[in-house]
Amino acid sequence: MIEFFDISNGHLFVAIILSIINAIILCFMGYKFMQVIQLSGYHSRGYFDWLKGVGSVHLGRVAVVAFLSTACFIVADVILVDYNSYLPYLGFIFYCLFSYIYIRNVHITPQKTPLKMTGRMYRAVILMFFLGSLATFALIICSALLIPLYSYGAVTLTPLLVPVLVPFTHWLMSPVENAVNKGFEFKAEKKLEQFPSLIKIGITGSFGKTSTKNFLTTILSEKYSVCATPFNYNTPMGISKAILQNLNVSHQIFIAEMGARQIGDVKKLCEFVKPQYGILTSIGQQHIATFKSFENVKRAKKELPDYLAENGGYCVFNVDSEGVAEIASKANLTKAEVTVAHPADVWASDIITTKDGTSFTLHMLDKSYKCKTKLLGVHNISNILSCVAMAIKLNVEDEKIVAGIEKIQPVEHRLQIMQADNEVTILDDTYNASIEGSKRALEVLKLFDNRRKVVITSGLIELGSLERLENYNFGARIAEVANLVIIVNRTNYLAIKQGLIDAEFPEDKILVADTLVDTQKLLQEVIETGDVVLWENDLPDNYY
């Protein structure tokens, strides 16, 4: 043992070099595992759920790399040990080769949301490199001490550490990351304090948050200078980033989308942003896997109107959602209710949706206006009404509200209509899918009379114990509209298929594709001139 650490021993330097090289290899091998933990919001629960499910495939692949590499290393060691004490290191070449094949296959696989090398991820990779180096060097010492014949072959076992090393690294870094996040949030709060006259609006709900935020930004921009959180930035860090990078002295209104995966998340965001106004878009079964019950979902979303009530604020309730209507009926604050179902503070009638857009009569206060929008679906009219109610509260003139409605553009990947070759129409609703959203998408698909209708879907997720039943029901609803169905990924395949079959949908018209690439190839084979394709939901990469 002492001789091993003798600086005149060349094997010591080889061990150090191998440890460094191997740590680099392990970092590259960890790409998929890092991507999944990032997609899981850096929560270990989501990561280990993936690892127990579809992630077991990747676990098996790193195990194969370790097994093949170890076998080759042992063979090289046994054959060459009598020739030269350094020749057994040639076995390491096989390890590098198998590792390269694994890494290359991961990186050439198309990704919907590739790993983002944020500051947090860079810090995690640096720590993983350090831990990987130590672990490799420790294994080399143990193998040299306990199994001399195996020499440095223990290096080939280190891929088995990757699935554990990735979450362990993030766990070790969590105190640092929490401090970094707190620092960003503190800076963002201080910046907000520099704008005492800034109008702040919070938007939350199970679904429809991003669409409503974008619609509201368009309408309010007819009168005000508006800054809104971009994309689906709806966490403390996302909102902080928007404040620090985008908010400036010219802005009169700041709109913050507020997401939640557990009780207390919306309350925390309210205490951070301190909105004077709010919109509650919907309450549904979305994310029930993390909330555990529908009652918990309602409690979480109710945190926005509760905060506004405590601070003399104003809230708009979209009572087309039954859960929102229940909360609105008990809310003790200045409020407005909007609906497409009956007269209310702001409501719509004469709604006509075609493949080119939607027209409706807008009723606000004691006035009515004919309006039109490029958006498809009645649910989008509900979201527009919430924005109209907020605009009225903020004294936007009627004609500017109507003009703003007409300027609203479809949100990317949210029932976005596109034209492809051969007169094929694509309804892109791939951003995500909720129970209500999928119903609305199928309603829009019905509008395309006398055309073959194709539905591509991977089903509904994050519904906990309800997931199988809701996907079965989804399949039954698809059967009423579609002529051909392509189910992507095996996650919800059986439930959707059974729903289709029980609704007497032809089984030979149910196709399956394992990946997005396979789906695109299959679609090219079955598509016909004039088809209408609804692409409903696209599972994130942690489902592959």
# chains A, B, ... in the order shown; residues from 1 in each chain; ligands from 1
>>> select_by_dssp(residues="stretch 25-218 of chain A", states="alpha helix (DSSP H)", output="short mmCIF file (atom, residue, chain, number, x, y, z; two decimals) with C-alpha atoms, in the first residue's frame")
data_model
loop_
_atom_site.label_atom_id
_atom_site.label_comp_id
_atom_site.auth_asym_id
_atom_site.auth_seq_id
_atom_site.Cartn_x
_atom_site.Cartn_y
_atom_site.Cartn_z
CA ILE A 25 -16.32 10.21 -19.10
CA LEU A 26 -18.74 9.83 -16.19
CA CYS A 27 -19.90 13.44 -16.55
CA PHE A 28 -20.72 12.84 -20.22
CA MET A 29 -22.41 9.54 -19.38
CA TYR A 31 -26.22 13.58 -19.52
CA LYS A 32 -29.57 11.76 -19.60
CA PHE A 33 -29.71 11.44 -15.82
CA MET A 34 -28.90 15.16 -15.42
CA GLN A 35 -31.55 16.04 -17.99
CA VAL A 36 -34.21 14.08 -16.13
CA ILE A 37 -33.39 15.55 -12.75
CA GLN A 38 -33.55 19.01 -14.34
CA LEU A 39 -36.93 18.20 -15.93
CA SER A 44 -35.31 13.54 -6.35
CA ARG A 45 -38.80 12.02 -6.21
CA GLY A 46 -39.50 12.67 -9.89
CA TYR A 47 -36.03 11.44 -10.78
CA PHE A 48 -36.37 8.13 -8.92
CA ASP A 49 -39.89 7.61 -10.28
CA TRP A 50 -38.36 7.88 -13.76
CA LEU A 51 -35.51 5.56 -12.78
CA LYS A 52 -37.99 2.92 -11.59
CA SER A 56 -34.60 1.51 -16.04
CA VAL A 57 -33.68 1.19 -19.72
CA HIS A 58 -30.88 3.72 -19.29
CA LEU A 59 -29.87 2.04 -16.05
CA GLY A 60 -29.56 -1.21 -17.98
CA ARG A 61 -27.46 0.43 -20.67
CA VAL A 62 -24.85 1.77 -18.27
CA ALA A 63 -24.80 -1.66 -16.64
CA VAL A 64 -24.06 -3.22 -20.04
CA VAL A 65 -21.22 -0.73 -20.56
CA ALA A 66 -19.78 -1.72 -17.19
CA PHE A 67 -20.18 -5.46 -17.82
CA LEU A 68 -18.64 -5.48 -21.29
CA SER A 69 -15.83 -3.16 -20.28
CA THR A 70 -15.01 -5.26 -17.22
CA ALA A 71 -14.97 -8.47 -19.26
CA CYS A 72 -12.61 -6.97 -21.83
CA PHE A 73 -10.38 -5.51 -19.13
CA ILE A 74 -10.07 -8.86 -17.37
CA VAL A 75 -9.24 -10.65 -20.62
CA ALA A 76 -6.57 -8.06 -21.47
CA ASP A 77 -5.19 -8.27 -17.95
CA VAL A 78 -4.93 -12.07 -17.97
CA ILE A 79 -3.39 -12.27 -21.45
CA LEU A 80 -0.89 -9.45 -21.14
CA GLY A 91 -8.13 -2.89 -21.50
CA PHE A 92 -9.07 0.67 -20.72
CA ILE A 93 -9.39 1.30 -24.47
CA PHE A 94 -12.42 -1.02 -24.62
CA TYR A 95 -13.99 0.89 -21.73
CA CYS A 96 -13.52 4.18 -23.57
CA LEU A 97 -14.99 2.66 -26.74
CA PHE A 98 -18.13 1.30 -25.06
CA SER A 99 -18.58 4.54 -23.13
CA TYR A 100 -18.29 6.54 -26.36
CA ILE A 101 -20.96 4.40 -28.04
CA TYR A 102 -23.33 4.93 -25.10
CA ILE A 103 -22.68 8.69 -24.93
CA ARG A 104 -23.06 9.11 -28.69
CA ASN A 105 -26.39 7.23 -28.76
CA VAL A 106 -27.75 9.45 -25.98
CA HIS A 107 -26.71 12.64 -27.74
CA ILE A 108 -27.97 11.73 -31.23
CA GLY A 119 -25.18 28.04 -13.62
CA ARG A 120 -26.70 25.45 -11.30
CA MET A 121 -25.95 22.62 -13.70
CA TYR A 122 -22.37 23.81 -14.28
CA ARG A 123 -21.79 23.76 -10.53
CA ALA A 124 -23.26 20.27 -10.28
CA VAL A 125 -21.08 18.99 -13.13
CA ILE A 126 -17.94 20.40 -11.49
CA LEU A 127 -18.82 18.66 -8.23
CA MET A 128 -19.64 15.45 -10.09
CA PHE A 129 -16.25 15.60 -11.80
CA PHE A 130 -14.58 15.99 -8.41
CA LEU A 131 -16.57 13.13 -6.83
CA GLY A 132 -16.06 10.95 -9.89
CA SER A 133 -12.32 11.46 -9.69
CA LEU A 134 -12.24 10.56 -5.99
CA ALA A 135 -14.47 7.52 -6.45
CA THR A 136 -12.37 6.24 -9.34
CA PHE A 137 -9.09 6.74 -7.49
CA ALA A 138 -10.50 5.01 -4.40
CA LEU A 139 -11.63 2.02 -6.47
CA ILE A 140 -8.22 1.80 -8.14
CA ILE A 141 -6.50 1.72 -4.75
CA CYS A 142 -8.89 -0.95 -3.45
CA SER A 143 -8.46 -3.13 -6.52
CA ALA A 144 -4.67 -2.76 -6.45
CA LEU A 145 -4.62 -3.65 -2.75
CA LEU A 146 -7.20 -6.43 -2.64
CA VAL A 162 -23.68 7.47 -12.46
CA PRO A 163 -27.43 7.00 -11.69
CA VAL A 164 -26.71 7.55 -8.00
CA LEU A 165 -23.93 10.10 -8.37
CA VAL A 166 -26.17 12.56 -10.26
CA PRO A 167 -28.90 12.95 -7.58
CA PHE A 168 -26.29 12.74 -4.80
CA THR A 169 -24.41 15.63 -6.39
CA HIS A 170 -27.55 17.77 -6.52
CA TRP A 171 -28.39 16.83 -2.93
CA LEU A 172 -24.94 17.95 -1.79
CA MET A 173 -25.32 21.19 -3.74
CA SER A 174 -28.83 21.96 -2.47
CA PRO A 175 -27.70 24.28 0.39
CA VAL A 176 -25.56 26.23 -2.08
CA GLU A 177 -28.34 26.39 -4.66
CA ASN A 178 -30.89 27.47 -2.07
CA ALA A 179 -28.56 30.30 -1.06
CA VAL A 180 -28.04 31.28 -4.71
CA ASN A 181 -31.80 31.23 -5.34
CA LYS A 182 -32.44 33.31 -2.24
CA GLY A 183 -29.88 35.80 -3.48
CA PHE A 184 -31.62 36.16 -6.85
CA GLU A 185 -35.03 36.44 -5.20
CA PHE A 186 -33.70 39.07 -2.79
CA LYS A 187 -32.29 41.13 -5.68
CA ALA A 188 -35.59 40.79 -7.57
CA GLU A 189 -37.60 41.87 -4.51
CA LYS A 190 -35.36 44.90 -4.03
CA LYS A 191 -35.78 45.82 -7.67
CA LEU A 192 -39.56 45.57 -7.40
CA GLU A 193 -39.44 47.92 -4.42
CA LYS A 209 -52.11 30.40 -17.22
CA THR A 210 -49.65 31.04 -20.04
CA SER A 211 -52.37 31.65 -22.63
CA THR A 212 -54.21 34.08 -20.34
CA LYS A 213 -50.97 35.88 -19.54
CA ASN A 214 -50.20 36.35 -23.23
CA PHE A 215 -53.75 37.47 -24.06
CA LEU A 216 -53.74 39.95 -21.18
CA THR A 217 -50.38 41.34 -22.24
CA THR A 218 -51.73 41.99 -25.75
#
>>> residues_around(residues="A:Ile408", least_positions_apart="3", cutoff="12 Å", atoms="only C-alpha atoms", output="PyMOL selection string")
chain A and resi 211-222+357-358+371-376+380-381+383-384+387+401-405+411
>>> write_last_selection(atoms="C-alpha atoms", output="PDB file, in the first residue's frame")
ATOM      1  CA  SER A 211     -52.369  31.651 -22.634  1.00  0.00           C
ATOM      2  CA  THR A 212     -54.212  34.077 -20.340  1.00  0.00           C
ATOM      3  CA  LYS A 213     -50.972  35.883 -19.540  1.00  0.00           C
ATOM      4  CA  ASN A 214     -50.197  36.345 -23.230  1.00  0.00           C
ATOM      5  CA  PHE A 215     -53.746  37.472 -24.062  1.00  0.00           C
ATOM      6  CA  LEU A 216     -53.740  39.953 -21.181  1.00  0.00           C
ATOM      7  CA  THR A 217     -50.378  41.344 -22.244  1.00  0.00           C
ATOM      8  CA  THR A 218     -51.732  41.988 -25.752  1.00  0.00           C
ATOM      9  CA  ILE A 219     -54.911  43.725 -24.541  1.00  0.00           C
ATOM     10  CA  LEU A 220     -53.269  45.839 -21.841  1.00  0.00           C
ATOM     11  CA  SER A 221     -50.523  46.862 -24.259  1.00  0.00           C
ATOM     12  CA  GLU A 222     -53.141  48.896 -26.100  1.00  0.00           C
ATOM     13  CA  GLY A 357     -60.977  31.517 -35.802  1.00  0.00           C
ATOM     14  CA  THR A 358     -63.777  32.487 -33.449  1.00  0.00           C
ATOM     15  CA  CYS A 371     -65.476  40.601 -31.549  1.00  0.00           C
ATOM     16  CA  LYS A 372     -63.344  38.183 -33.507  1.00  0.00           C
ATOM     17  CA  THR A 373     -60.099  36.399 -32.825  1.00  0.00           C
ATOM     18  CA  LYS A 374     -57.705  34.040 -34.607  1.00  0.00           C
ATOM     19  CA  LEU A 375     -57.937  31.667 -31.659  1.00  0.00           C
ATOM     20  CA  LEU A 376     -59.744  28.330 -31.862  1.00  0.00           C
ATOM     21  CA  ASN A 380     -59.900  30.525 -25.337  1.00  0.00           C
ATOM     22  CA  ILE A 381     -62.910  32.835 -25.221  1.00  0.00           C
ATOM     23  CA  ASN A 383     -59.544  33.137 -21.064  1.00  0.00           C
ATOM     24  CA  ILE A 384     -60.092  36.296 -23.126  1.00  0.00           C
ATOM     25  CA  CYS A 387     -58.431  39.510 -19.551  1.00  0.00           C
ATOM     26  CA  ILE A 401     -60.114  46.185 -25.565  1.00  0.00           C
ATOM     27  CA  VAL A 402     -61.886  45.125 -28.766  1.00  0.00           C
ATOM     28  CA  ALA A 403     -58.842  46.043 -30.851  1.00  0.00           C
ATOM     29  CA  GLY A 404     -56.584  44.111 -28.482  1.00  0.00           C
ATOM     30  CA  ILE A 405     -58.750  40.994 -28.769  1.00  0.00           C
ATOM     31  CA  VAL A 411     -49.772  30.714 -28.395  1.00  0.00           C
TER      32      VAL A 411
END
>>> residues_around(residues="A:Thr519", least_positions_apart="5", cutoff="12 Å", atoms="only C-alpha atoms", output="short mmCIF file (atom, residue, chain, number, x, y, z; two decimals) with N, CA and C atoms, in the first residue's frame")
data_model
loop_
_atom_site.label_atom_id
_atom_site.label_comp_id
_atom_site.auth_asym_id
_atom_site.auth_seq_id
_atom_site.Cartn_x
_atom_site.Cartn_y
_atom_site.Cartn_z
N VAL A 455 -55.57 11.73 -35.08
CA VAL A 455 -55.16 12.19 -33.74
C VAL A 455 -53.85 11.50 -33.37
N ILE A 456 -52.86 12.31 -33.02
CA ILE A 456 -51.60 11.79 -32.51
C ILE A 456 -51.49 12.22 -31.06
N THR A 457 -51.30 11.28 -30.16
CA THR A 457 -51.27 11.64 -28.75
C THR A 457 -50.44 10.66 -27.94
N SER A 458 -49.88 11.18 -26.87
CA SER A 458 -49.21 10.32 -25.89
C SER A 458 -50.02 10.27 -24.60
N VAL A 485 -55.77 6.92 -35.38
CA VAL A 485 -55.12 7.33 -34.13
C VAL A 485 -53.71 6.76 -34.09
N ILE A 486 -52.76 7.61 -33.75
CA ILE A 486 -51.38 7.17 -33.50
C ILE A 486 -51.07 7.48 -32.04
N ILE A 487 -50.79 6.44 -31.26
CA ILE A 487 -50.45 6.61 -29.86
C ILE A 487 -48.93 6.59 -29.73
N VAL A 488 -48.39 7.66 -29.15
CA VAL A 488 -46.94 7.81 -29.02
C VAL A 488 -46.52 7.39 -27.62
N ASN A 489 -45.51 6.53 -27.54
CA ASN A 489 -44.98 6.07 -26.26
C ASN A 489 -45.95 5.06 -25.64
N LEU A 511 -52.64 2.89 -34.30
CA LEU A 511 -51.21 2.63 -34.53
C LEU A 511 -50.42 3.10 -33.31
N VAL A 512 -49.21 2.59 -33.18
CA VAL A 512 -48.37 2.98 -32.04
C VAL A 512 -46.96 3.25 -32.53
N ALA A 513 -46.34 4.26 -31.93
CA ALA A 513 -44.94 4.61 -32.22
C ALA A 513 -44.25 4.85 -30.89
N ASP A 514 -43.04 4.36 -30.75
CA ASP A 514 -42.34 4.45 -29.47
C ASP A 514 -41.69 5.80 -29.22
N GLN A 524 -45.70 10.01 -42.09
CA GLN A 524 -45.40 10.17 -43.51
C GLN A 524 -45.96 9.02 -44.34
N GLU A 525 -46.02 7.85 -43.72
CA GLU A 525 -46.51 6.67 -44.43
C GLU A 525 -48.04 6.65 -44.56
N VAL A 526 -48.75 7.20 -43.56
CA VAL A 526 -50.21 7.04 -43.53
C VAL A 526 -50.95 8.32 -43.90
N ILE A 527 -50.27 9.46 -43.96
CA ILE A 527 -50.95 10.72 -44.22
C ILE A 527 -51.51 10.76 -45.63
N TRP A 535 -52.32 17.02 -33.07
CA TRP A 535 -51.21 16.48 -32.28
C TRP A 535 -51.43 16.95 -30.85
N ASP A 538 -47.28 16.13 -26.07
CA ASP A 538 -45.99 15.57 -26.45
C ASP A 538 -45.23 15.37 -25.14
#
>>> closest_residue(among="A:His363, A:Arg261, A:His251, A:Lys223", to="A:Asn395", atoms="only C-alpha atoms")
A:Lys223
>>> closest_residue(among="A:Ala341, A:Gly284, A:Ala256, A:Lys268", to="A:Lys298", atoms="only C-alpha atoms")
A:Gly284
>>> select_by_dssp(residues="stretch 130-284 of chain A", states="strand (DSSP E or B)", output="list of chain:residue names")
A:Ile199, A:Lys200, A:Ile201, A:Gly202, A:Ile203, A:Thr204, A:Val226, A:Cys227, A:Ala228, A:Ile253, A:Phe254, A:Ile255, A:Ala256, A:Glu257, A:Tyr277, A:Gly278, A:Ile279, A:Leu280
>>> write_last_selection(atoms="N, CA and C atoms", output="PDB file, in the first residue's frame")
ATOM      1  N   ILE A 199     -48.090  48.407 -11.346  1.00  0.00           N
ATOM      2  CA  ILE A 199     -49.267  47.552 -11.201  1.00  0.00           C
ATOM      3  C   ILE A 199     -48.816  46.111 -11.390  1.00  0.00           C
ATOM      4  N   LYS A 200     -49.101  45.250 -10.400  1.00  0.00           N
ATOM      5  CA  LYS A 200     -48.647  43.862 -10.456  1.00  0.00           C
ATOM      6  C   LYS A 200     -49.852  42.920 -10.471  1.00  0.00           C
ATOM      7  N   ILE A 201     -49.843  42.020 -11.429  1.00  0.00           N
ATOM      8  CA  ILE A 201     -50.953  41.087 -11.631  1.00  0.00           C
ATOM      9  C   ILE A 201     -50.430  39.656 -11.548  1.00  0.00           C
ATOM     10  N   GLY A 202     -51.057  38.835 -10.726  1.00  0.00           N
ATOM     11  CA  GLY A 202     -50.714  37.425 -10.637  1.00  0.00           C
ATOM     12  C   GLY A 202     -51.761  36.572 -11.334  1.00  0.00           C
ATOM     13  N   ILE A 203     -51.314  35.550 -12.048  1.00  0.00           N
ATOM     14  CA  ILE A 203     -52.231  34.643 -12.748  1.00  0.00           C
ATOM     15  C   ILE A 203     -51.896  33.214 -12.348  1.00  0.00           C
ATOM     16  N   THR A 204     -52.889  32.479 -11.875  1.00  0.00           N
ATOM     17  CA  THR A 204     -52.663  31.074 -11.533  1.00  0.00           C
ATOM     18  C   THR A 204     -53.873  30.249 -11.944  1.00  0.00           C
ATOM     19  N   VAL A 226     -46.210  47.060 -20.794  1.00  0.00           N
ATOM     20  CA  VAL A 226     -46.396  45.843 -20.002  1.00  0.00           C
ATOM     21  C   VAL A 226     -45.149  44.960 -20.057  1.00  0.00           C
ATOM     22  N   CYS A 227     -44.776  44.442 -18.893  1.00  0.00           N
ATOM     23  CA  CYS A 227     -43.722  43.438 -18.787  1.00  0.00           C
ATOM     24  C   CYS A 227     -44.349  42.176 -18.201  1.00  0.00           C
ATOM     25  N   ALA A 228     -44.198  41.050 -18.889  1.00  0.00           N
ATOM     26  CA  ALA A 228     -44.759  39.785 -18.406  1.00  0.00           C
ATOM     27  C   ALA A 228     -43.667  38.733 -18.336  1.00  0.00           C
ATOM     28  N   ILE A 253     -46.938  47.983 -15.933  1.00  0.00           N
ATOM     29  CA  ILE A 253     -47.610  46.782 -15.429  1.00  0.00           C
ATOM     30  C   ILE A 253     -46.643  45.597 -15.495  1.00  0.00           C
ATOM     31  N   PHE A 254     -46.662  44.769 -14.448  1.00  0.00           N
ATOM     32  CA  PHE A 254     -45.892  43.535 -14.438  1.00  0.00           C
ATOM     33  C   PHE A 254     -46.856  42.376 -14.214  1.00  0.00           C
ATOM     34  N   ILE A 255     -46.844  41.410 -15.129  1.00  0.00           N
ATOM     35  CA  ILE A 255     -47.727  40.245 -15.047  1.00  0.00           C
ATOM     36  C   ILE A 255     -46.884  39.022 -14.728  1.00  0.00           C
ATOM     37  N   ALA A 256     -47.223  38.333 -13.647  1.00  0.00           N
ATOM     38  CA  ALA A 256     -46.468  37.156 -13.213  1.00  0.00           C
ATOM     39  C   ALA A 256     -47.349  35.915 -13.271  1.00  0.00           C
ATOM     40  N   GLU A 257     -46.927  34.954 -14.067  1.00  0.00           N
ATOM     41  CA  GLU A 257     -47.576  33.643 -14.071  1.00  0.00           C
ATOM     42  C   GLU A 257     -47.103  32.883 -12.834  1.00  0.00           C
ATOM     43  N   TYR A 277     -53.595  42.640  -8.087  1.00  0.00           N
ATOM     44  CA  TYR A 277     -54.659  42.101  -8.920  1.00  0.00           C
ATOM     45  C   TYR A 277     -54.333  40.638  -9.242  1.00  0.00           C
ATOM     46  N   GLY A 278     -55.377  39.865  -9.544  1.00  0.00           N
ATOM     47  CA  GLY A 278     -55.142  38.469  -9.864  1.00  0.00           C
ATOM     48  C   GLY A 278     -56.214  37.888 -10.760  1.00  0.00           C
ATOM     49  N   ILE A 279     -55.854  36.799 -11.440  1.00  0.00           N
ATOM     50  CA  ILE A 279     -56.798  36.044 -12.271  1.00  0.00           C
ATOM     51  C   ILE A 279     -56.662  34.569 -11.904  1.00  0.00           C
ATOM     52  N   LEU A 280     -57.780  33.926 -11.613  1.00  0.00           N
ATOM     53  CA  LEU A 280     -57.810  32.484 -11.380  1.00  0.00           C
ATOM     54  C   LEU A 280     -58.461  31.843 -12.597  1.00  0.00           C
TER      55      LEU A 280
END
>>> closest_residue(among="A:Lys446, A:Leu539, A:Ser197, A:Glu507", to="A:Asn492", atoms="only C-alpha atoms")
A:Leu539
>>> atom_distance(atom1="atom CA of A:Asn232", atom2="atom CA of A:Ile435")
19.4 Å
>>> decode(residues="stretch 154-179 of chain A", atoms="N, CA and C atoms", output="PDB file, in the first residue's frame")
ATOM      1  N   ALA A 154     -11.140  -1.925 -11.908  1.00  0.00           N
ATOM      2  CA  ALA A 154     -12.288  -1.398 -11.160  1.00  0.00           C
ATOM      3  C   ALA A 154     -12.853  -0.137 -11.800  1.00  0.00           C
ATOM      4  N   VAL A 155     -12.013   0.536 -12.601  1.00  0.00           N
ATOM      5  CA  VAL A 155     -12.483   1.736 -13.308  1.00  0.00           C
ATOM      6  C   VAL A 155     -13.708   1.411 -14.158  1.00  0.00           C
ATOM      7  N   THR A 156     -13.740   0.224 -14.732  1.00  0.00           N
ATOM      8  CA  THR A 156     -14.828  -0.137 -15.647  1.00  0.00           C
ATOM      9  C   THR A 156     -16.155  -0.342 -14.931  1.00  0.00           C
ATOM     10  N   LEU A 157     -16.134  -0.409 -13.615  1.00  0.00           N
ATOM     11  CA  LEU A 157     -17.373  -0.561 -12.854  1.00  0.00           C
ATOM     12  C   LEU A 157     -18.031   0.780 -12.532  1.00  0.00           C
ATOM     13  N   THR A 158     -17.294   1.861 -12.722  1.00  0.00           N
ATOM     14  CA  THR A 158     -17.788   3.178 -12.287  1.00  0.00           C
ATOM     15  C   THR A 158     -19.039   3.671 -13.007  1.00  0.00           C
ATOM     16  N   PRO A 159     -19.360   3.229 -14.249  1.00  0.00           N
ATOM     17  CA  PRO A 159     -20.638   3.676 -14.825  1.00  0.00           C
ATOM     18  C   PRO A 159     -21.839   3.343 -13.952  1.00  0.00           C
ATOM     19  N   LEU A 160     -21.711   2.293 -13.130  1.00  0.00           N
ATOM     20  CA  LEU A 160     -22.814   1.936 -12.244  1.00  0.00           C
ATOM     21  C   LEU A 160     -23.067   3.003 -11.188  1.00  0.00           C
ATOM     22  N   LEU A 161     -22.082   3.874 -10.973  1.00  0.00           N
ATOM     23  CA  LEU A 161     -22.233   4.943  -9.990  1.00  0.00           C
ATOM     24  C   LEU A 161     -23.035   6.125 -10.527  1.00  0.00           C
ATOM     25  N   VAL A 162     -23.093   6.269 -11.856  1.00  0.00           N
ATOM     26  CA  VAL A 162     -23.677   7.470 -12.464  1.00  0.00           C
ATOM     27  C   VAL A 162     -25.117   7.730 -12.024  1.00  0.00           C
ATOM     28  N   PRO A 163     -26.034   6.727 -12.077  1.00  0.00           N
ATOM     29  CA  PRO A 163     -27.428   7.004 -11.694  1.00  0.00           C
ATOM     30  C   PRO A 163     -27.589   7.481 -10.254  1.00  0.00           C
ATOM     31  N   VAL A 164     -26.654   7.107  -9.392  1.00  0.00           N
ATOM     32  CA  VAL A 164     -26.709   7.547  -7.997  1.00  0.00           C
ATOM     33  C   VAL A 164     -25.915   8.832  -7.798  1.00  0.00           C
ATOM     34  N   LEU A 165     -24.811   8.942  -8.527  1.00  0.00           N
ATOM     35  CA  LEU A 165     -23.932  10.101  -8.374  1.00  0.00           C
ATOM     36  C   LEU A 165     -24.635  11.396  -8.763  1.00  0.00           C
ATOM     37  N   VAL A 166     -25.479  11.346  -9.789  1.00  0.00           N
ATOM     38  CA  VAL A 166     -26.170  12.557 -10.260  1.00  0.00           C
ATOM     39  C   VAL A 166     -27.094  13.142  -9.181  1.00  0.00           C
ATOM     40  N   PRO A 167     -28.044  12.361  -8.624  1.00  0.00           N
ATOM     41  CA  PRO A 167     -28.896  12.954  -7.575  1.00  0.00           C
ATOM     42  C   PRO A 167     -28.120  13.272  -6.304  1.00  0.00           C
ATOM     43  N   PHE A 168     -27.094  12.470  -6.000  1.00  0.00           N
ATOM     44  CA  PHE A 168     -26.289  12.738  -4.804  1.00  0.00           C
ATOM     45  C   PHE A 168     -25.571  14.075  -4.933  1.00  0.00           C
ATOM     46  N   THR A 169     -25.075  14.359  -6.127  1.00  0.00           N
ATOM     47  CA  THR A 169     -24.408  15.632  -6.387  1.00  0.00           C
ATOM     48  C   THR A 169     -25.360  16.801  -6.150  1.00  0.00           C
ATOM     49  N   HIS A 170     -26.579  16.687  -6.682  1.00  0.00           N
ATOM     50  CA  HIS A 170     -27.552  17.772  -6.518  1.00  0.00           C
ATOM     51  C   HIS A 170     -28.000  17.903  -5.060  1.00  0.00           C
ATOM     52  N   TRP A 171     -28.048  16.777  -4.353  1.00  0.00           N
ATOM     53  CA  TRP A 171     -28.393  16.832  -2.929  1.00  0.00           C
ATOM     54  C   TRP A 171     -27.304  17.566  -2.145  1.00  0.00           C
ATOM     55  N   LEU A 172     -26.048  17.271  -2.461  1.00  0.00           N
ATOM     56  CA  LEU A 172     -24.940  17.952  -1.790  1.00  0.00           C
ATOM     57  C   LEU A 172     -24.944  19.454  -2.086  1.00  0.00           C
ATOM     58  N   MET A 173     -25.343  19.794  -3.314  1.00  0.00           N
ATOM     59  CA  MET A 173     -25.318  21.189  -3.742  1.00  0.00           C
ATOM     60  C   MET A 173     -26.543  21.972  -3.291  1.00  0.00           C
ATOM     61  N   SER A 174     -27.568  21.279  -2.771  1.00  0.00           N
ATOM     62  CA  SER A 174     -28.832  21.964  -2.474  1.00  0.00           C
ATOM     63  C   SER A 174     -28.682  23.148  -1.518  1.00  0.00           C
ATOM     64  N   PRO A 175     -27.856  23.082  -0.456  1.00  0.00           N
ATOM     65  CA  PRO A 175     -27.700  24.276   0.387  1.00  0.00           C
ATOM     66  C   PRO A 175     -27.122  25.465  -0.387  1.00  0.00           C
ATOM     67  N   VAL A 176     -26.160  25.160  -1.263  1.00  0.00           N
ATOM     68  CA  VAL A 176     -25.563  26.233  -2.077  1.00  0.00           C
ATOM     69  C   VAL A 176     -26.596  26.813  -3.027  1.00  0.00           C
ATOM     70  N   GLU A 177     -27.352  25.928  -3.688  1.00  0.00           N
ATOM     71  CA  GLU A 177     -28.337  26.391  -4.663  1.00  0.00           C
ATOM     72  C   GLU A 177     -29.459  27.171  -3.981  1.00  0.00           C
ATOM     73  N   ASN A 178     -29.867  26.723  -2.805  1.00  0.00           N
ATOM     74  CA  ASN A 178     -30.890  27.470  -2.065  1.00  0.00           C
ATOM     75  C   ASN A 178     -30.411  28.877  -1.735  1.00  0.00           C
ATOM     76  N   ALA A 179     -29.133  28.980  -1.371  1.00  0.00           N
ATOM     77  CA  ALA A 179     -28.560  30.296  -1.059  1.00  0.00           C
ATOM     78  C   ALA A 179     -28.493  31.163  -2.316  1.00  0.00           C
TER      79      ALA A 179
END
